[in-house]
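Coordinates from entry-v3.cif are shown below (mmCIF, C-alpha atoms).
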data_my_file
#
loop_
_atom_site.label_atom_id
_atom_site.label_comp_id
_atom_site.auth_asym_id
_atom_site.auth_seq_id
_atom_site.Cartn_x
_atom_site.Cartn_y
_atom_site.Cartn_z
CA MET A 1 94.50 145.49 171.26
CA SER A 2 93.72 142.77 168.72
CA SER A 3 96.31 141.16 166.43
CA ALA A 4 96.09 141.54 162.63
CA THR A 5 94.54 138.59 160.74
CA PRO A 6 96.13 137.62 157.37
CA SER A 7 93.79 138.05 154.41
CA SER A 8 92.61 134.93 152.54
CA SER A 9 94.43 136.06 149.40
CA THR A 10 97.85 135.83 151.02
CA SER A 11 99.79 132.66 150.13
CA SER A 12 101.82 130.95 152.81
CA PRO A 13 105.23 129.37 152.14
CA ASP A 14 103.58 125.97 152.52
CA ASP A 15 100.99 126.86 149.85
CA ASN A 16 103.75 127.85 147.43
CA LEU A 17 105.62 124.61 148.11
CA VAL A 18 102.47 122.53 147.45
CA GLU A 19 101.87 124.36 144.17
CA LYS A 20 105.50 123.83 143.13
CA TRP A 21 105.25 120.08 143.68
CA ARG A 22 101.81 119.94 142.01
CA ARG A 23 103.24 121.48 138.83
CA LYS A 24 106.28 119.20 138.95
CA PHE A 25 104.15 116.09 139.42
CA SER A 26 101.68 117.15 136.71
CA ASN A 27 104.48 117.57 134.21
CA TYR A 28 106.04 114.24 135.20
CA ALA A 29 102.69 112.46 134.85
CA GLY A 30 102.01 114.04 131.51
CA LEU A 31 99.01 116.01 132.72
CA ASP A 32 100.20 119.31 131.29
CA VAL A 33 101.21 118.02 127.89
CA SER A 34 99.13 117.53 124.78
CA SER A 35 97.28 114.32 123.98
CA ASP A 36 99.70 113.63 121.12
CA GLU A 37 102.66 114.05 123.47
CA ARG A 38 101.22 111.61 126.02
CA GLN A 39 100.47 109.08 123.27
CA TRP A 40 104.00 109.48 121.89
CA ARG A 41 105.58 108.84 125.29
CA LYS A 42 103.49 105.71 125.82
CA CYS A 43 104.21 104.48 122.29
CA GLU A 44 107.95 105.03 122.69
CA LYS A 45 108.02 103.21 126.03
CA TRP A 46 106.19 100.19 124.62
CA LYS A 47 108.45 100.22 121.57
CA ARG A 48 111.59 100.20 123.73
CA ASP A 49 110.20 97.34 125.82
CA LEU A 50 109.28 95.28 122.75
CA THR A 51 112.54 95.82 120.87
CA SER A 52 114.39 94.69 124.00
CA TYR A 53 112.26 91.85 125.33
CA SER A 54 109.67 90.60 122.79
CA PRO A 55 110.84 87.18 121.54
CA ALA A 56 109.24 87.72 118.12
CA VAL A 57 110.55 91.26 117.59
CA VAL A 58 114.06 90.41 118.80
CA PHE A 59 114.02 87.27 116.61
CA MET A 60 113.05 89.23 113.49
CA MET A 61 115.65 91.94 114.16
CA LYS A 62 118.33 89.27 114.61
CA HIS A 63 117.45 87.66 111.29
CA LEU A 64 117.40 90.99 109.51
CA LYS A 65 120.94 91.59 110.76
CA GLN A 66 122.01 88.12 109.64
CA SER A 67 120.51 88.84 106.21
CA GLY A 68 122.58 91.98 105.81
CA CYS A 69 119.79 94.45 106.63
CA PRO A 70 120.40 95.47 110.24
CA LEU A 71 117.59 97.40 111.91
CA THR A 72 117.76 99.19 115.25
CA PRO A 73 115.03 100.64 117.49
CA ASP A 74 115.91 104.05 116.03
CA HIS A 75 114.47 102.86 112.71
CA ILE A 76 111.08 102.48 114.43
CA VAL A 77 109.39 105.79 115.21
CA CYS A 78 106.09 106.74 116.83
CA ALA A 79 104.00 109.43 115.17
CA PRO A 80 100.37 110.61 115.13
CA CYS A 81 98.29 109.16 112.31
CA HIS A 82 95.32 111.53 112.19
CA ASN A 83 92.08 110.55 110.43
CA ASN A 84 93.11 106.94 110.99
CA THR A 85 89.62 105.50 111.50
CA ASN A 86 87.91 102.40 110.20
CA THR A 87 85.97 102.78 106.99
CA ALA A 88 83.66 100.35 105.27
CA GLY A 89 85.62 97.44 103.87
CA SER A 90 88.96 98.50 105.37
CA HIS A 91 90.85 98.49 108.64
CA ALA A 92 92.51 101.32 110.52
CA ARG A 93 96.26 101.51 109.98
CA THR A 94 98.40 100.93 113.05
CA GLY A 95 101.77 101.10 111.30
CA ALA A 96 103.58 101.34 108.02
CA SER A 97 107.04 100.52 106.75
CA ASN A 98 109.37 101.69 104.03
CA PRO A 99 111.14 98.46 103.08
CA GLU A 100 113.60 100.40 100.92
CA ASP A 101 115.25 102.13 103.90
CA GLY A 102 114.07 99.78 106.67
CA SER A 103 112.06 102.38 108.58
CA ILE A 104 108.80 101.73 110.44
CA VAL A 105 106.21 104.24 111.64
CA LEU A 106 103.91 103.25 114.50
CA CYS A 107 100.60 105.10 114.72
CA GLN A 108 100.65 106.25 118.34
CA GLY A 109 97.30 106.03 120.08
CA SER A 110 96.10 103.26 117.77
CA PHE A 111 97.02 100.27 119.92
CA ALA A 112 94.66 98.40 122.22
CA ASP A 113 97.58 97.03 124.24
CA LYS A 114 101.29 96.23 124.03
CA ARG A 115 100.67 92.90 122.29
CA HIS A 116 98.76 94.77 119.59
CA MET A 117 101.85 96.91 118.99
CA GLU A 118 104.03 93.79 118.99
CA GLU A 119 101.91 92.30 116.22
CA THR A 120 102.20 95.49 114.18
CA ILE A 121 105.98 95.68 114.56
CA VAL A 122 106.42 92.02 113.55
CA HIS A 123 104.10 92.55 110.56
CA GLU A 124 106.22 95.43 109.29
CA LEU A 125 109.48 93.59 110.03
CA VAL A 126 108.28 90.72 107.83
CA HIS A 127 107.81 93.19 104.97
CA ILE A 128 111.33 94.53 105.49
CA TYR A 129 112.71 90.98 105.69
CA ASP A 130 110.97 90.09 102.41
CA GLN A 131 112.43 93.18 100.75
CA CYS A 132 115.89 92.30 102.04
CA LYS A 133 115.79 88.62 101.07
CA PHE A 134 113.62 88.59 97.95
CA ARG A 135 113.80 92.13 96.52
CA VAL A 136 110.03 92.57 96.41
CA ASP A 137 108.56 94.71 93.64
CA TRP A 138 105.74 96.45 95.51
CA GLN A 139 104.06 97.48 92.26
CA ASN A 140 103.79 93.81 91.31
CA LEU A 141 100.54 92.78 92.96
CA ARG A 142 101.56 89.13 93.24
CA HIS A 143 104.71 90.16 95.13
CA HIS A 144 102.71 92.48 97.35
CA ALA A 145 100.06 89.83 98.01
CA CYS A 146 102.67 87.27 99.00
CA SER A 147 104.33 89.56 101.52
CA GLU A 148 100.94 90.57 102.99
CA ILE A 149 99.93 86.92 103.41
CA ARG A 150 103.19 86.18 105.20
CA ALA A 151 103.07 89.30 107.37
CA ASN A 152 99.51 88.65 108.53
CA ALA A 153 100.16 84.96 109.15
CA LEU A 154 103.47 85.39 111.00
CA SER A 155 102.74 88.47 113.09
CA GLY A 156 100.06 87.02 115.37
CA GLU A 157 97.49 89.55 114.10
CA CYS A 158 95.09 86.72 113.28
CA ARG A 159 95.01 85.11 116.70
CA TYR A 160 91.51 84.00 117.67
CA ARG A 161 91.21 86.60 120.45
CA ARG A 162 92.27 89.43 118.14
CA GLU A 163 89.65 88.39 115.60
CA LEU A 164 86.98 88.40 118.30
CA ASP A 165 88.03 91.93 119.23
CA ARG A 166 87.47 92.93 115.61
CA GLY A 167 84.01 91.35 115.58
CA HIS A 168 84.92 88.37 113.40
CA PHE A 169 83.80 85.00 114.74
CA SER A 170 84.23 81.56 113.23
CA PHE A 171 84.51 78.05 114.61
CA SER A 172 86.70 76.75 111.79
CA LYS A 173 89.57 78.12 109.70
CA HIS A 174 89.30 81.55 111.30
CA PHE A 175 93.08 81.93 110.98
CA GLN A 176 93.19 81.40 107.22
CA ALA A 177 90.10 83.56 106.71
CA CYS A 178 91.67 86.40 108.68
CA VAL A 179 94.98 86.22 106.81
CA ARG A 180 93.20 86.16 103.45
CA ARG A 181 90.81 89.01 104.31
CA ARG A 182 93.53 91.31 105.59
CA ALA A 183 95.83 90.53 102.66
CA VAL A 184 93.06 91.40 100.19
CA LEU A 185 92.40 94.72 101.96
CA SER A 186 96.08 95.67 101.86
CA VAL A 187 96.53 94.72 98.19
CA GLN A 188 93.34 96.55 97.30
CA ALA A 189 94.86 99.71 98.83
CA ASN A 190 97.86 99.48 96.48
CA PRO A 191 97.51 102.35 93.95
CA VAL A 192 98.17 99.99 91.04
CA CYS A 193 95.32 97.65 92.06
CA PRO A 194 92.17 98.52 90.06
CA ASP A 195 89.55 96.86 92.26
CA GLN A 196 88.71 94.35 94.99
CA ALA A 197 88.19 91.53 92.50
CA THR A 198 91.78 91.90 91.29
CA ALA A 199 93.09 91.89 94.85
CA GLU A 200 91.14 88.72 95.64
CA ARG A 201 92.40 87.04 92.47
CA VAL A 202 96.10 87.71 93.07
CA VAL A 203 95.84 86.67 96.74
CA ASN A 204 94.27 83.38 95.62
CA GLU A 205 96.95 82.85 92.98
CA VAL A 206 99.86 83.03 95.45
CA TRP A 207 98.03 81.74 98.51
CA GLU A 208 99.35 78.20 98.84
CA SER A 209 103.06 78.89 98.43
CA CYS A 210 103.09 82.11 100.44
CA PHE A 211 100.87 80.95 103.30
CA ASN A 212 103.13 77.93 103.81
CA ASP A 213 106.34 80.00 103.73
CA THR A 214 107.10 80.81 107.38
CA ARG A 215 110.68 82.08 106.96
CA PRO A 216 112.51 83.04 109.10
CA PHE A 217 110.25 81.30 111.67
CA ASP A 218 110.09 77.51 111.79
CA GLU A 219 106.31 77.75 112.18
CA PHE A 220 103.59 80.33 112.74
CA TYR A 221 104.43 82.53 115.74
#
Can you turn what I pasted into structure tokens?
Amino acid sequence: MSSATPSSSTSSPDDNLVEKWRRKFSNYAGLDVSSDERQWRKCEKWKRDLTSYSPAVVFMMKHLKQSGCPLTPDHIVCAPCHNNTNTAGSHARTGASNPEDGSIVLCQGSFADKRHMEETIVHELVHIYDQCKFRVDWQNLRHHACSEIRANALSGECRYRRELDRGHFSFSKHFQACVRRRAVLSVQANPVCPDQATAERVVNEVWESCFNDTRPFDEFY
């Protein structure tokens, strides 16, 4: 008399245990969540690391507190910025701030690496610092241009390597050219700015005093 052979469709206890752990690991690793959810988790982790350990971010947050405008990591949020692609004559947004309430939005999924996020956070913190210290009128293009010059110069966004990544190459004065170009693009995007020529003019008008103003840093970061 022969013994019965289990059918191939029957699951063993070991098979069920393997499947249980596969689902648990997949969820832990983010394999069963949406792309936006995975990007958000990564963005939040980097943000927590930077607000705790980045010398530049911690320095800016300390000086905001000393200036009477305390800002905590809870004021910095990660969110999807859909349709956030480069267009002719502009650059993709990686973050934005509301200097009035001290909040910052980071465009999750838009960062090449953690240093890229660090640069974005410092850029937006400079805007909030300027609002706190100098009461910037963001509809005044000269005010806006000055804060953009400072934010681009002090954030590290115009490091030589970052410019190479963007496809901009120059042997001399690449730093100033980067700061000027990015300031013009930001001012041009201001709804009260009529055209690129106006943006270039106001950036030139405030360039010398604002480029040389490194507060609260002693020098360019």
Inset, instruction - Please provide as a PyMOL selection string all residues within 10 Å of segment 96-109 of chain A, with the sequence filter that same-chain residues fewer than 4 positions apart are discarded (counting only C-alpha atoms). - result: chain A and resi 35-44+47+64+69-82+84+92+113+117+120-121+123-132+135-136+138
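Going from atom CA of Met60 of chain A over to atom CA of Val184 of chain A, you cover 24.1 Å.
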Inset, instruction - I need the residue set behind the PyMOL selection byres ((chain A and resi 188) around 10) for this file; please write it as a PyMOL selection string. - result: chain A and resi 90+141+145+182-187+189-200
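Of note, atom CA of Glu118 of chain A and atom CA of Leu50 of chain A are spaced 6.6 Å apart.
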Inset, instruction - Could you check how far atom CA of Cys178 of chain A sits from atom CA of Arg93 of chain A, in Å to one decimal? - result: 15.8 Å
Could you give me, as CSV, every segment 39-91 of chain A residue with an atom at most 12 Å from segment 212-217 of chain A, plus its closest atom pair and distance in Å to one decimal, counting all atoms listed in the file, rows ordered by chain then number?
residue,atom,partner,partner_atom,distance
A:Pro55,CA,A:Phe217,CA,11.5
A:Ala56,CA,A:Phe217,CA,9.2
A:Val57,CA,A:Phe217,CA,11.6
A:Phe59,CA,A:Phe217,CA,8.6
A:Met60,CA,A:Pro216,CA,7.6
A:Met61,CA,A:Pro216,CA,10.7
A:Lys62,CA,A:Pro216,CA,10.2
A:His63,CA,A:Pro216,CA,7.1
A:Leu64,CA,A:Pro216,CA,9.3
A:Gln66,CA,A:Pro216,CA,10.8
A:Ser67,CA,A:Pro216,CA,10.3
C-alpha atoms of the current selection, written as a short mmCIF file (atom, residue, chain, number, x, y, z; two decimals), in the coordinates of the input:
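File written: out_35.cif
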data_model
loop_
_atom_site.label_atom_id
_atom_site.label_comp_id
_atom_site.auth_asym_id
_atom_site.auth_seq_id
_atom_site.Cartn_x
_atom_site.Cartn_y
_atom_site.Cartn_z
CA PRO A 55 110.84 87.18 121.54
CA ALA A 56 109.24 87.72 118.12
CA VAL A 57 110.55 91.26 117.59
CA PHE A 59 114.02 87.27 116.61
CA MET A 60 113.05 89.23 113.49
CA MET A 61 115.65 91.94 114.16
CA LYS A 62 118.33 89.27 114.61
CA HIS A 63 117.45 87.66 111.29
CA LEU A 64 117.40 90.99 109.51
CA GLN A 66 122.01 88.12 109.64
CA SER A 67 120.51 88.84 106.21
#
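Remark: for Ala112 of chain A, the closest of the candidate residues A:His174, A:Asn140, A:Arg150, A:Trp46 is A:Trp46 (distances computed over only C-alpha atoms).
Across A:Leu154, A:Arg142, A:Gly95, A:Ala177, the tightest approach to Arg201 of chain A is made by A:Arg142 when counting all atoms listed in the file.
In terms of minimum interatomic distance to Lys114 of chain A, A:Arg48 ranks closest within A:His144, A:Arg181, A:Arg48, A:Lys133, counting only C-alpha atoms.
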Inset, instruction - Rank A:Ser209, A:Ile149, A:Ser155, A:Tyr53 by their smallest atom-to-atom distance to Arg180 of chain A, using only C-alpha atoms, and report the top residue only. - result: A:Ile149
